[in-house]
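Engineer: Contents of my_file_36.cif (mmCIF, C-alpha atoms (C1' of nucleotides)):
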```cif
data_run
#
loop_
_atom_site.label_atom_id
_atom_site.label_comp_id
_atom_site.auth_asym_id
_atom_site.auth_seq_id
_atom_site.Cartn_x
_atom_site.Cartn_y
_atom_site.Cartn_z
CA MET C 85 0.00 0.00 0.00
CA PRO C 86 0.70 3.51 0.09
CA GLU C 87 2.65 4.12 3.26
CA LEU C 88 2.77 7.33 5.27
CA PRO C 89 4.26 9.57 2.54
CA GLU C 90 1.86 8.33 -0.11
CA VAL C 91 -1.17 8.76 2.12
CA GLU C 92 0.06 12.21 3.11
CA THR C 93 0.45 13.12 -0.57
CA ILE C 94 -3.02 11.89 -1.47
CA CYS C 95 -4.52 13.61 1.55
CA ASN C 96 -2.98 16.92 0.53
CA ALA C 97 -4.06 16.42 -3.07
CA ILE C 98 -7.67 15.89 -2.00
CA LYS C 99 -7.55 18.97 0.22
CA HIS C 100 -6.27 21.12 -2.60
CA ASN C 101 -8.80 19.78 -5.05
CA ILE C 102 -11.86 20.71 -3.05
CA ASP C 103 -13.37 24.09 -3.73
CA SER C 104 -16.35 23.69 -1.43
CA PRO C 105 -16.13 21.16 1.44
CA LYS C 106 -19.79 20.20 1.27
CA ILE C 107 -20.72 16.65 0.27
CA ASP C 108 -23.62 16.36 -2.11
CA GLU C 109 -23.83 12.60 -2.26
CA PHE C 110 -21.90 9.57 -1.08
CA GLN C 111 -22.55 6.64 -3.35
CA ILE C 112 -21.65 3.00 -2.78
CA ILE C 113 -20.77 1.25 -6.04
CA ASN C 114 -19.38 -2.06 -4.80
CA ASN C 115 -19.43 -2.61 -1.05
CA LYS C 116 -17.01 -5.52 -1.08
CA LEU C 117 -13.82 -4.24 0.52
CA ARG C 118 -11.77 -5.55 3.43
CA TRP C 119 -14.85 -4.83 5.48
CA LYS C 120 -18.22 -4.46 3.79
CA ILE C 121 -19.03 -0.78 3.34
CA ASN C 122 -21.70 0.18 5.85
CA LYS C 123 -24.99 1.02 4.14
CA ASN C 124 -25.55 3.87 6.58
CA ILE C 125 -22.60 5.95 5.46
CA PRO C 126 -24.57 8.00 2.89
CA SER C 127 -27.12 8.98 5.52
CA LYS C 128 -24.29 10.15 7.79
CA VAL C 129 -22.45 12.31 5.29
CA ASN C 130 -24.87 13.45 2.59
CA GLY C 131 -25.32 17.20 2.84
CA GLN C 132 -22.62 17.47 5.51
CA THR C 133 -19.64 19.79 5.43
CA ILE C 134 -16.16 18.39 5.87
CA LYS C 135 -14.51 20.21 8.76
CA LYS C 136 -11.06 18.79 8.30
CA ILE C 137 -9.14 16.30 6.16
CA TYR C 138 -6.05 14.76 7.71
CA ARG C 139 -3.83 11.71 7.84
CA ARG C 140 -3.38 9.47 10.86
CA ALA C 141 -1.03 6.51 10.39
CA LYS C 142 -1.95 5.22 6.92
CA TYR C 143 -5.54 6.38 7.21
CA ILE C 144 -7.19 9.33 5.51
CA VAL C 145 -9.72 10.92 7.81
CA PHE C 146 -12.60 13.18 6.79
CA GLU C 147 -13.89 14.91 9.89
CA PHE C 148 -17.48 16.12 10.23
CA HIS C 149 -19.31 17.70 13.11
CA ASN C 150 -21.06 14.41 13.86
CA GLY C 151 -18.18 11.99 13.30
CA SER C 152 -15.48 10.89 10.86
CA LEU C 153 -14.95 8.83 7.75
CA ILE C 154 -11.85 6.64 8.08
CA ILE C 155 -10.36 5.44 4.82
CA HIS C 156 -7.53 2.99 4.31
CA LEU C 157 -6.09 2.38 0.85
CA GLY C 158 -4.92 -1.17 1.53
CA MET C 159 -2.44 -2.21 -1.13
CA THR C 160 -4.06 -0.88 -4.27
CA GLY C 161 -6.63 1.71 -3.22
CA LYS C 162 -6.63 4.99 -5.11
CA PHE C 163 -8.73 8.05 -5.67
CA ARG C 164 -9.37 9.77 -8.95
CA LYS C 165 -11.05 13.09 -9.38
CA ILE C 166 -13.58 13.60 -12.12
CA GLN C 167 -15.98 16.36 -13.02
CA GLY C 168 -19.43 16.15 -14.51
CA THR C 169 -20.71 12.67 -15.22
CA TYR C 170 -19.40 9.57 -13.50
CA THR C 171 -18.34 6.73 -15.78
CA SER C 172 -17.56 3.55 -13.91
CA ILE C 173 -14.42 1.57 -14.40
CA LYS C 174 -13.51 -1.85 -13.10
CA HIS C 175 -12.95 -2.06 -9.32
CA ASP C 176 -14.64 1.19 -8.40
CA HIS C 177 -16.09 0.91 -4.87
CA PHE C 178 -17.53 4.24 -3.81
CA LEU C 179 -17.64 7.87 -4.79
CA ILE C 180 -17.97 11.16 -3.02
CA LYS C 181 -19.76 13.82 -5.01
CA MET C 182 -19.03 17.29 -3.73
CA ALA C 183 -21.38 20.25 -3.95
CA ASP C 184 -18.76 21.95 -6.13
CA ASP C 185 -19.25 19.25 -8.80
CA ASN C 186 -15.96 17.49 -8.13
CA ILE C 187 -16.33 13.74 -7.74
CA PHE C 188 -13.77 11.62 -5.90
CA VAL C 189 -13.93 7.98 -6.92
CA TYR C 190 -12.31 5.23 -4.86
CA ASN C 191 -10.95 2.32 -6.89
CA ASP C 192 -9.30 -0.75 -5.34
CA VAL C 193 -8.20 -3.75 -7.39
CA ARG C 194 -7.27 -6.03 -4.52
CA LYS C 195 -10.02 -4.89 -2.14
CA PHE C 196 -7.70 -4.63 0.85
CA GLY C 197 -8.79 -1.07 1.51
CA SER C 198 -11.63 0.01 3.76
CA ILE C 199 -13.94 2.81 4.75
CA HIS C 200 -15.60 3.21 8.12
CA TRP C 201 -17.81 5.72 9.85
CA ALA C 202 -16.98 6.53 13.45
CA SER C 203 -18.94 8.91 15.61
CA ASP C 204 -16.01 8.93 18.02
CA ILE C 205 -12.77 8.30 16.22
CA SER C 206 -10.61 7.91 19.31
CA ASP C 207 -12.75 4.96 20.28
CA HIS C 208 -12.75 3.25 16.89
CA PHE C 209 -11.21 -0.21 16.76
CA LEU C 210 -8.94 0.67 13.83
CA MET C 211 -7.61 3.77 15.54
CA LYS C 212 -7.34 3.13 19.21
CA ASN C 213 -4.24 0.92 19.12
CA ILE C 214 -2.24 2.98 16.65
CA GLY C 215 1.24 3.96 17.81
CA VAL C 216 3.11 7.26 17.64
CA GLU C 217 3.38 9.39 14.52
CA PRO C 218 7.01 9.07 13.42
CA LEU C 219 7.27 12.70 12.32
CA THR C 220 6.30 14.08 15.72
CA ASP C 221 8.46 14.56 18.82
CA ASP C 222 6.67 11.68 20.50
CA PHE C 223 8.76 9.42 18.35
CA ASN C 224 12.20 9.86 19.85
CA ASN C 225 15.25 7.96 21.07
CA LEU C 226 13.76 7.12 24.44
CA TYR C 227 10.55 5.82 22.89
CA LEU C 228 12.28 3.49 20.46
CA LYS C 229 14.80 2.27 23.03
CA ASN C 230 11.95 1.37 25.39
CA LYS C 231 10.20 -0.56 22.66
CA THR C 232 13.27 -2.40 21.39
CA THR C 233 14.67 -3.31 24.80
CA LYS C 234 11.84 -5.67 25.61
CA SER C 235 11.21 -7.11 22.17
CA ARG C 236 12.50 -10.26 20.53
CA MET C 237 11.07 -9.25 17.17
CA LYS C 238 13.23 -8.68 14.16
CA ILE C 239 13.82 -4.94 14.00
CA LYS C 240 12.13 -4.59 10.62
CA ASN C 241 8.95 -6.15 11.95
CA LEU C 242 9.09 -3.88 14.96
CA ILE C 243 9.30 -0.63 13.01
CA MET C 244 6.52 -1.81 10.68
CA ASP C 245 4.26 -2.64 13.61
CA GLN C 246 1.51 -0.01 13.46
CA LYS C 247 0.89 -0.33 17.20
CA ILE C 248 4.44 0.90 17.73
CA ILE C 249 5.09 3.32 14.85
CA ALA C 250 2.26 4.60 12.68
CA GLY C 251 2.76 4.70 8.94
CA VAL C 252 6.00 2.84 8.25
CA GLY C 253 5.51 0.06 5.73
CA ASN C 254 7.68 -2.36 3.83
CA ILE C 255 9.52 0.07 1.58
CA TYR C 256 10.44 2.73 4.11
CA ALA C 257 11.34 0.12 6.72
CA SER C 258 13.98 -1.23 4.32
CA GLU C 259 15.17 2.25 3.41
CA ALA C 260 15.41 3.48 7.01
CA LEU C 261 17.35 0.40 8.08
CA PHE C 262 19.74 0.90 5.21
CA LEU C 263 20.38 4.51 6.27
CA SER C 264 20.93 3.30 9.82
CA LYS C 265 23.32 0.54 8.70
CA ILE C 266 21.27 -2.04 10.57
CA ARG C 267 20.25 -5.39 9.12
CA PRO C 268 16.49 -5.94 8.97
CA THR C 269 16.89 -9.34 10.61
CA LYS C 270 18.58 -7.96 13.72
CA ILE C 271 16.67 -8.81 16.90
CA ALA C 272 15.27 -5.64 18.44
CA TYR C 273 16.70 -5.96 21.96
CA ARG C 274 20.21 -6.33 20.53
CA LEU C 275 20.21 -2.80 19.14
CA SER C 276 22.58 -0.50 20.97
CA LYS C 277 21.54 2.93 22.19
CA SER C 278 23.34 4.62 19.32
CA MET C 279 21.76 2.26 16.79
CA CYS C 280 18.33 3.19 18.11
CA GLU C 281 19.17 6.86 17.82
CA HIS C 282 20.40 6.41 14.30
CA LEU C 283 17.26 4.50 13.39
CA VAL C 284 14.97 7.21 14.79
CA ARG C 285 16.83 9.81 12.74
CA SER C 286 16.73 7.64 9.62
CA ILE C 287 13.02 6.93 9.82
CA LYS C 288 12.27 10.63 10.12
CA THR C 289 14.68 11.52 7.32
CA VAL C 290 13.40 8.97 4.84
CA LEU C 291 9.73 9.74 5.49
CA LYS C 292 10.21 13.49 5.25
CA LYS C 293 12.14 13.16 2.05
CA ALA C 294 9.53 10.83 0.55
CA VAL C 295 6.75 13.27 1.45
CA LYS C 296 8.73 16.01 -0.24
CA TYR C 297 9.02 13.97 -3.42
CA GLY C 298 5.37 12.95 -3.45
CA GLY C 299 5.81 9.33 -2.43
CA THR C 300 7.11 6.22 -4.11
CA SER C 301 5.60 4.38 -7.00
CA ILE C 302 6.51 0.74 -7.34
CA LYS C 303 3.39 -0.64 -8.90
CA ASP C 304 -0.03 0.67 -8.15
CA TYR C 305 0.46 3.88 -6.30
CA LYS C 306 -0.86 6.94 -8.05
CA THR C 307 -1.64 10.38 -6.77
CA LEU C 308 -4.99 11.97 -7.49
CA ASP C 309 -4.08 13.14 -10.96
CA GLY C 310 -2.74 9.73 -11.95
CA ASN C 311 0.91 10.64 -11.54
CA SER C 312 3.46 8.43 -9.83
CA GLY C 313 5.59 9.67 -6.97
CA TYR C 314 9.13 10.78 -7.60
CA PHE C 315 10.73 9.17 -4.57
CA THR C 316 11.15 5.97 -6.61
CA GLN C 317 14.30 7.42 -8.06
CA LYS C 318 15.64 8.11 -4.58
CA LEU C 319 15.37 4.58 -3.22
CA LEU C 320 18.67 3.19 -1.98
CA VAL C 321 17.93 -0.50 -1.42
CA TYR C 322 14.30 -1.38 -2.00
CA GLY C 323 13.92 -3.26 -5.26
CA LEU C 324 17.51 -2.64 -6.29
CA ASP C 325 20.17 -5.14 -7.36
CA LYS C 326 23.29 -3.30 -6.44
CA CYS C 327 24.20 -1.10 -3.49
CA ARG C 328 25.99 2.19 -4.11
CA CYS C 329 29.03 0.54 -2.47
CA GLY C 330 29.04 -1.99 -5.29
CA GLU C 331 27.84 -4.96 -3.23
CA LYS C 332 24.93 -7.08 -4.42
CA ILE C 333 21.78 -6.31 -2.46
CA ARG C 334 20.07 -9.24 -0.80
CA ASN C 335 16.35 -9.81 -0.76
CA VAL C 336 15.21 -12.01 2.10
CA LYS C 337 11.70 -12.81 3.32
CA ILE C 338 10.92 -11.59 6.82
CA SER C 339 7.45 -12.65 7.95
CA GLY C 340 6.62 -13.19 4.31
CA ARG C 341 7.65 -9.71 3.16
CA SER C 342 10.48 -8.88 0.80
CA SER C 343 13.27 -7.23 2.74
CA PHE C 344 16.21 -5.66 0.98
CA TYR C 345 19.57 -5.00 2.55
CA CYS C 346 23.23 -4.60 1.71
CA PRO C 347 25.31 -7.22 3.56
CA LYS C 348 28.35 -4.95 3.47
CA CYS C 349 26.78 -1.68 4.62
CA GLN C 350 24.35 -3.11 7.17
CA LYS C 351 25.42 -4.98 10.30
"C1'" DC R 282 1.57 -12.34 26.48
"C1'" DT R 283 4.60 -12.90 21.91
"C1'" DG R 284 5.58 -13.88 17.26
"C1'" DA R 285 4.82 -16.53 12.95
"C1'" DG R 286 1.81 -17.91 9.35
"C1'" DA R 287 -2.56 -17.90 6.83
"C1'" DT R 288 -5.68 -15.04 4.82
"C1'" DC R 289 -8.51 -11.60 2.14
"C1'" DC R 290 -8.25 -10.35 -3.63
"C1'" DT R 291 -6.72 -9.43 -8.51
"C1'" DG R 292 -3.23 -8.43 -11.87
"C1'" DT R 293 1.28 -9.06 -13.69
"C1'" DC R 294 5.32 -11.31 -14.60
"C1'" DT R 295 8.38 -15.47 -15.13
"C1'" DG R 296 9.41 -19.92 -16.57
"C1'" DC R 297 8.21 -24.25 -18.67
"C1'" DT Y 201 0.51 -18.53 -26.84
"C1'" DG Y 202 -1.03 -21.09 -22.81
"C1'" DC Y 203 -0.91 -22.02 -18.28
"C1'" DA Y 204 0.78 -22.69 -13.45
"C1'" DG Y 205 2.96 -20.51 -9.76
"C1'" DA Y 206 5.13 -16.70 -7.49
"C1'" DC Y 207 4.70 -12.27 -6.10
"C1'" DA Y 208 2.90 -7.41 -4.90
"C1'" DG Y 209 3.64 -1.47 -0.98
"C1'" DG Y 210 -1.30 -4.13 4.48
"C1'" DA Y 211 -2.95 -5.66 8.64
"C1'" DT Y 212 -6.10 -8.68 11.00
"C1'" DC Y 213 -7.06 -13.01 12.74
"C1'" DT Y 214 -5.74 -17.66 14.38
"C1'" DC Y 215 -2.85 -20.61 16.50
"C1'" DA Y 216 1.37 -22.55 18.83
#
```
Would you mind writing the file out in structure tokens?
Structural biologist:
Amino acid sequence: MPELPEVETICNAIKHNIDSPKIDEFQIINNKLRWKINKNIPSKVNGQTIKKIYRRAKYIVFEFHNGSLIIHLGMTGKFRKIQGTYTSIKHDHFLIKMADDNIFVYNDVRKFGSIHWASDISDHFLMKNIGVEPLTDDFNNLYLKNKTTKSRMKIKNLIMDQKIIAGVGNIYASEALFLSKIRPTKIAYRLSKSMCEHLVRSIKTVLKKAVKYGGTSIKDYKTLDGNSGYFTQKLLVYGLDKCRCGEKIRNVKISGRSSFYCPKCQK
DNA sequence: CTGAGATCCTGTCTGC
DNA sequence: TGCAGACAGGATCTCA
């Protein structure tokens, strides 16, 4: 899926593509997503004004006075903006027609995405166990050291755990570990204090940079206008054959996910 | 409690 | 060209 930078990019794109924040009509096209789309959503949001659009972890949140829409893009979820008449294409799931005549259509090939209505978002099951936002001060050396000290997980799994850090996925986990010179297979509690500090810095650096470049496009990710992100060209290990040091990059499976690292640069 | 594996679904690519 | 199998950026659930 889109990870933090991609969701942030899409969130910003939606914000900037809304002239009037009032929703005319929410329409369910195909309710089969990760969780069936609740039939009551239209009655909650039709005619309502969006107070705020923001990202939390990998979720896009539309906030209203009476509650929030929580959207996850799964692996292949994307929005496209159209104007005028809606023409359906394969794998469309729902659309949000704004009063300003813009229509945002959600399309998801693999159906791993989701949309929920929550009257109280802090209480929602998808939200209440989410960990710290990595780009805030809450994510710091002390926080990561506390988490790693008592964990026997492989460090890559730990930083991808949404209950611990919100928004880091498979690509940026590999990239951050490369910057930190730590192997993805290293057991969390074996990280030294300075390794933890380096990792905190690296996660922040890589995410910020990816946001700046509009995200990464490996396969399915597209921003609102159909463009791919430019961070793809900035990747240092993910999906690459050769490290900049000349060494061949290894691709190992960790909990079933491809994990790239340079055996020479990462210890 | 922890951590690993199966699972949801479709499209694309590789190899025979 | 056909077809089987592997694989894809997520995260929840089940089980040991």
Engineer: Could you spell out the hits of the PyMOL selection byres ((chain C) within 8 of (chain R)) on the shown file, as an mmCIF file with C-alpha atoms, in the coordinates of the input?
Structural biologist:
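Result written to part.cif:
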```cif
data_model
loop_
_atom_site.group_PDB
_atom_site.id
_atom_site.type_symbol
_atom_site.label_atom_id
_atom_site.label_comp_id
_atom_site.auth_asym_id
_atom_site.auth_seq_id
_atom_site.Cartn_x
_atom_site.Cartn_y
_atom_site.Cartn_z
ATOM 1 C CA ARG C 118 -11.770 -5.550 3.430
ATOM 2 C CA VAL C 193 -8.200 -3.750 -7.390
ATOM 3 C CA ARG C 194 -7.270 -6.030 -4.520
ATOM 4 C CA LYS C 195 -10.020 -4.890 -2.140
ATOM 5 C CA PHE C 196 -7.700 -4.630 0.850
ATOM 6 C CA MET C 237 11.070 -9.250 17.170
ATOM 7 C CA SER C 339 7.450 -12.650 7.950
#
```
Engineer: Starting from chain Y, keep only residues with some atom at most 8 Å from an atom of chain C, counting only C-alpha atoms (C1' of nucleotides), and report them as a PyMOL selection string.
Structural biologist: chain Y and resi 208-210
Engineer: Nearest to Ser235 of chain C among C:Ala250, C:Ile98, C:Ala272, C:Ile121, with distances taken over all atoms listed in the file: which residue is it?
Structural biologist: C:Ala272
Engineer: What is the atom CA of Gln167 of chain C to atom CA of Ser104 of chain C distance in Å?
Structural biologist: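 So the two atoms, atom CA of Gln167 of chain C and atom CA of Ser104 of chain C, lie 13.7 Å apart.
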Engineer: Leaving out Gln111 of chain C and any residue of its chain fewer than 5 positions from it, which residues lie within 8 Å of it when counting all atoms listed in the file, given as a VMD selection string?
Structural biologist: chain C and resid 126 178 to 181
Engineer: For the atom pair atom CA of Lys162 of chain C and atom CA of Ile338 of chain C, what is the interatomic distance in Å to one decimal place?
Structural biologist: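 Computing the Euclidean distance for atom CA of Lys162 of chain C and atom CA of Ile338 of chain C yields 26.9 Å.
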Engineer: Hey, can you check how far atom CA of Asn191 of chain C sits from atom CA of His177 of chain C?
Structural biologist: 5.7 Å
Engineer: Go through C:Ile271, C:Leu242, C:Ile125, C:Ile248 and flag the residue nearest Lys351 of chain C, using only C-alpha atoms for the distances.
Structural biologist: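 The shortest atom-to-atom distance to Lys351 of chain C comes from C:Ile271.
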Engineer: Translate the PyMOL selection byres ((chain C and resi 188) around 7) into a concrete residue list for this structure, as a list in words.
Structural biologist: Phe163, Arg164, Lys165, Ile166, Leu179, Ile180, Lys181, Asn186, Ile187, Val189 and Tyr190 of chain C
